[in-house]
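Report on the following structure.
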2 protein chains.
Amino acid sequence: MKKKVRISAYNTNDQIAAQNRALFADHRVFVLNLIGSPGCGKTLLLEKMIGEFRENSGILVGDVKTALDSNRLIKSGHPQSYGIETGGGCHLSAGMIRDHLDRFDLSGLDYLFIENVGNLVCPSSFDLGENTKVAVLSVPEGDEKVRKYPTLFLNAAAVVINKIDLLGIMDYNIEQVKKDCRAHNPGVKIFAVSAQTGEGMERWLEYLRGERDALLASG
Amino acid sequence: MKKKVRISAYNTNDQIAAQNRALFADHRVFVLNLIGSPGCGKTLLLEKMIGEFRENSGILVGDVKTALDSNRLIKSGHPQSYGIETGGGCHLSAGMIRDHLDRFDLSGLDYLFIENVGNLVCPSSFDLGENTKVAVLSVPEGDEKVRKYPTLFLNAAAVVINKIDLLGIMDYNIEQVKKDCRAHNPGVKIFAVSAQTGEGMERWLEYLRGERDALLASG
């Protein structure tokens, strides 16, 4: 019985995700779902992208409690950043995204960035209607995370390995991490960056611009 | 309907947890449930405790996939370390613990250390029958985690702040973190340690010895 209810809950999420996806496609909005551990640097990554995307993007930030991250983004100069408190929930759902879309004029957006709840497990299994799932890793977490938390890496089209400024002082085999990512998904795009120092950020921004261009060309 | 099923699932977990707890009490085993983000250093913390507890402890290590961590502990010299693969599950359950207890001669153990799945959210809500929930934080994760993930800190009797060797090179307000912990639980015991360098470890080990002594005295 438990199984049945679970399947039905997933279906409902998938149905709403499909509606979200159709709405995003109508408005030509390229949507990213950023998933990573607590403290891997998702918010700082977004802060460092504001210069590029201030005018043409919206941001939704999920957290169990507080609006600390969305407030940080507003303070950093992003006008359209909103927090979603899950109230104990371990992941964002397609319904939570849908319920916050009226905050935006979608026809004015090129990108919607969704920062999921800090969690390497549960958010991987919930489609939000995004174009691309992005896994965010960070050097201090250790280099075996791809093997230990495979679901996300089977589904992520892009992986950002953040905090590479710490590679010099920590034991972290980045080549092994890349190899593990490709073992799960041979076509995955991998970006080694330091949101802190800016290293590698230009290539990541280029990827985002290219993906949106491809979306427009395909429509 | 979804709610009803959930409540019943929790009750079943609580019932098994109560059975586990009674069994541990019968055998005078002091049981800790270590909960923290992926990469906060739970396994290294345990590795650095082996010298003290090699002979008189068991270890159960939960992971979504792989037995990397339990193998690490065996390689480090702990003879009674076993992995529990959750197969996608985001937390250990009381039933998973129960199903692995026949690996131990409980009457020969003083301690059972349980390393939960790396996740700051879901494991907080599942009683395993432990004496003490321990929250493990780490400096690179950032100093706002207690506010953003409150459930764990309402329930944890002890908090280990790990990787304090990185305090010098990272922006981390440890006094604010301690204050946030005490705001959730005024009686919480807080240990600032570096499992890597050994700093602060002696006080943490003393606490564990003291808690087990108190358990014996109370019986």
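Residues are named by chain letter and number: chains run A, B, ... in the order of the structure tokens, numbers start at 1 in each chain, and ligands are numbered from 1 in the order shown.
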
For B:Ile161, find every residue with an atom within 7 Å (counting only C-alpha atoms), except residues of its own chain fewer than 2 positions away, and show them as a count of residues only. 7

Output as an MDAnalysis selection string the set of chain B residues within 8 Å of chain A, with distances taken over only C-alpha atoms. chainID B and resid 2 5 37:40 63:66 68 88:90 119:122 140:142 145 147:151

Restricting it to C-alpha atoms, dump the selection as a PDB file, in the first residue's frame.
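Dumped everything to result23.pdb:
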ATOM      1  CA  LYS B   2      -0.823  10.381   2.145  1.00  0.00           C
ATOM      2  CA  VAL B   5       0.291   6.334   5.565  1.00  0.00           C
ATOM      3  CA  SER B  37      26.053  16.508   5.582  1.00  0.00           C
ATOM      4  CA  PRO B  38      27.919  14.507   2.955  1.00  0.00           C
ATOM      5  CA  GLY B  39      31.608  15.144   3.494  1.00  0.00           C
ATOM      6  CA  CYS B  40      31.423  16.727   6.961  1.00  0.00           C
ATOM      7  CA  ASP B  63      25.265   4.891   2.678  1.00  0.00           C
ATOM      8  CA  VAL B  64      22.988   5.229  -0.338  1.00  0.00           C
ATOM      9  CA  LYS B  65      25.439   3.137  -2.328  1.00  0.00           C
ATOM     10  CA  THR B  66      28.843   1.452  -1.803  1.00  0.00           C
ATOM     11  CA  LEU B  68      33.436   2.614   0.937  1.00  0.00           C
ATOM     12  CA  GLY B  88      18.573   4.985  -2.716  1.00  0.00           C
ATOM     13  CA  GLY B  89      17.075   5.660   0.723  1.00  0.00           C
ATOM     14  CA  CYS B  90      17.979   9.000   2.276  1.00  0.00           C
ATOM     15  CA  ASN B 119      22.065  14.231   4.873  1.00  0.00           C
ATOM     16  CA  LEU B 120      21.201  17.074   7.259  1.00  0.00           C
ATOM     17  CA  VAL B 121      17.445  16.710   6.823  1.00  0.00           C
ATOM     18  CA  CYS B 122      15.798  13.275   6.677  1.00  0.00           C
ATOM     19  CA  PRO B 140      33.683  24.535   5.028  1.00  0.00           C
ATOM     20  CA  GLU B 141      29.885  24.104   5.014  1.00  0.00           C
ATOM     21  CA  GLY B 142      29.387  27.623   6.335  1.00  0.00           C
ATOM     22  CA  LYS B 145      23.528  25.538   8.860  1.00  0.00           C
ATOM     23  CA  ARG B 147      19.444  28.049  11.393  1.00  0.00           C
ATOM     24  CA  LYS B 148      18.679  26.510   8.011  1.00  0.00           C
ATOM     25  CA  TYR B 149      18.268  22.896   9.169  1.00  0.00           C
ATOM     26  CA  PRO B 150      16.687  23.240  12.625  1.00  0.00           C
ATOM     27  CA  THR B 151      15.146  19.788  13.158  1.00  0.00           C
TER      28      THR B 151
END

Skipping near chain neighbours, those fewer than 6 positions away, what residues fall within 6 Å of stretch 181-189 of chain B using only C-alpha atoms, listed as a ChimeraX atom specification? /B:154,157-158

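Those residues that approach B:Gln19 to within 9 Å, counting only C-alpha atoms, are Asp14, Gln15, Leu23, Phe24, Arg98 and Gly129 of chain B; same-chain residues fewer than 4 positions away are not listed.
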
Just N, CA and C atoms for this one: save the residues we selected as an mmCIF file, in the first residue's frame.
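As a result, result03.cif now contains:
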data_model
loop_
_atom_site.group_PDB
_atom_site.id
_atom_site.type_symbol
_atom_site.label_atom_id
_atom_site.label_comp_id
_atom_site.auth_asym_id
_atom_site.auth_seq_id
_atom_site.Cartn_x
_atom_site.Cartn_y
_atom_site.Cartn_z
ATOM 1 N N ASP B 14 9.096 3.890 15.018
ATOM 2 C CA ASP B 14 9.226 4.161 16.447
ATOM 3 C C ASP B 14 9.108 2.887 17.278
ATOM 4 N N GLN B 15 8.236 1.985 16.843
ATOM 5 C CA GLN B 15 8.081 0.725 17.582
ATOM 6 C C GLN B 15 9.363 -0.106 17.517
ATOM 7 N N LEU B 23 16.773 -3.498 23.830
ATOM 8 C CA LEU B 23 17.853 -4.475 23.643
ATOM 9 C C LEU B 23 19.209 -3.869 24.022
ATOM 10 N N PHE B 24 19.452 -2.640 23.594
ATOM 11 C CA PHE B 24 20.713 -1.963 23.927
ATOM 12 C C PHE B 24 20.836 -1.786 25.442
ATOM 13 N N ARG B 98 18.107 -2.920 13.297
ATOM 14 C CA ARG B 98 17.704 -4.212 13.870
ATOM 15 C C ARG B 98 18.226 -5.374 13.012
ATOM 16 N N GLY B 129 16.701 4.108 17.973
ATOM 17 C CA GLY B 129 16.837 3.446 19.265
ATOM 18 C C GLY B 129 18.109 3.861 19.986
#

From the list A:Asn173, A:Asn162, A:Ser70, A:Ser76, which residue is nearest A:Gly198 when using only C-alpha atoms?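 For A:Gly198, the nearest of the given residues is A:Asn162.
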
If you run DSSP over the backbone, which residues in stretch 45-118 of chain A end up helix (DSSP H, G or I)? Put them as a PyMOL selection string. chain A and resi 45-47+50-53+68-75+94-98+101-103+106-108

Where does DSSP see strand (DSSP E or B) in chain B, if you list the residues as an NGL selection string? :B and (30-36 or 57-63 or 81-85 or 111-115 or 132-138 or 158-162 or 189-192)

Give me, as a PyMOL selection string, all polymer residues having an atom no more than 8 Å from A:Ser81, counting only C-alpha atoms and skipping those fewer than 2 positions away in the same chain. chain A and resi 58-61+70-71+73-74+78-79+83

Residues at most 7 Å from A:Asn116, counting only C-alpha atoms, excluding those fewer than 5 positions away in the same chain, as a VMD selection string? chain A and resid 33 to 35 61 to 62 91 to 92 123

Point out the residue among B:Ile97, B:Leu167, B:Ile50, B:Val160 with the least atom-to-atom distance to B:Val31, counting only C-alpha atoms. B:Ile97

Spatial neighbours of B:Phe104, 10 Å, only C-alpha atoms, chain gap at least 4 places, as a list in words: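 That gives Ser57, Gly58, Ile59, Gln80, Ser81, Tyr82, His100, Gly108, Leu109 and Leu112 of chain B.
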
Considering only C-alpha atoms, state which residue in the set A:Gly200, A:Ala22, A:Asn155, A:Asp110 is at the smallest distance from A:Thr132.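 Among the listed residues, A:Asn155 lies closest to A:Thr132.
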
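Across the model, the gap from atom CA of B:Phe126 to atom CA of B:Arg203 is 27.8 Å.
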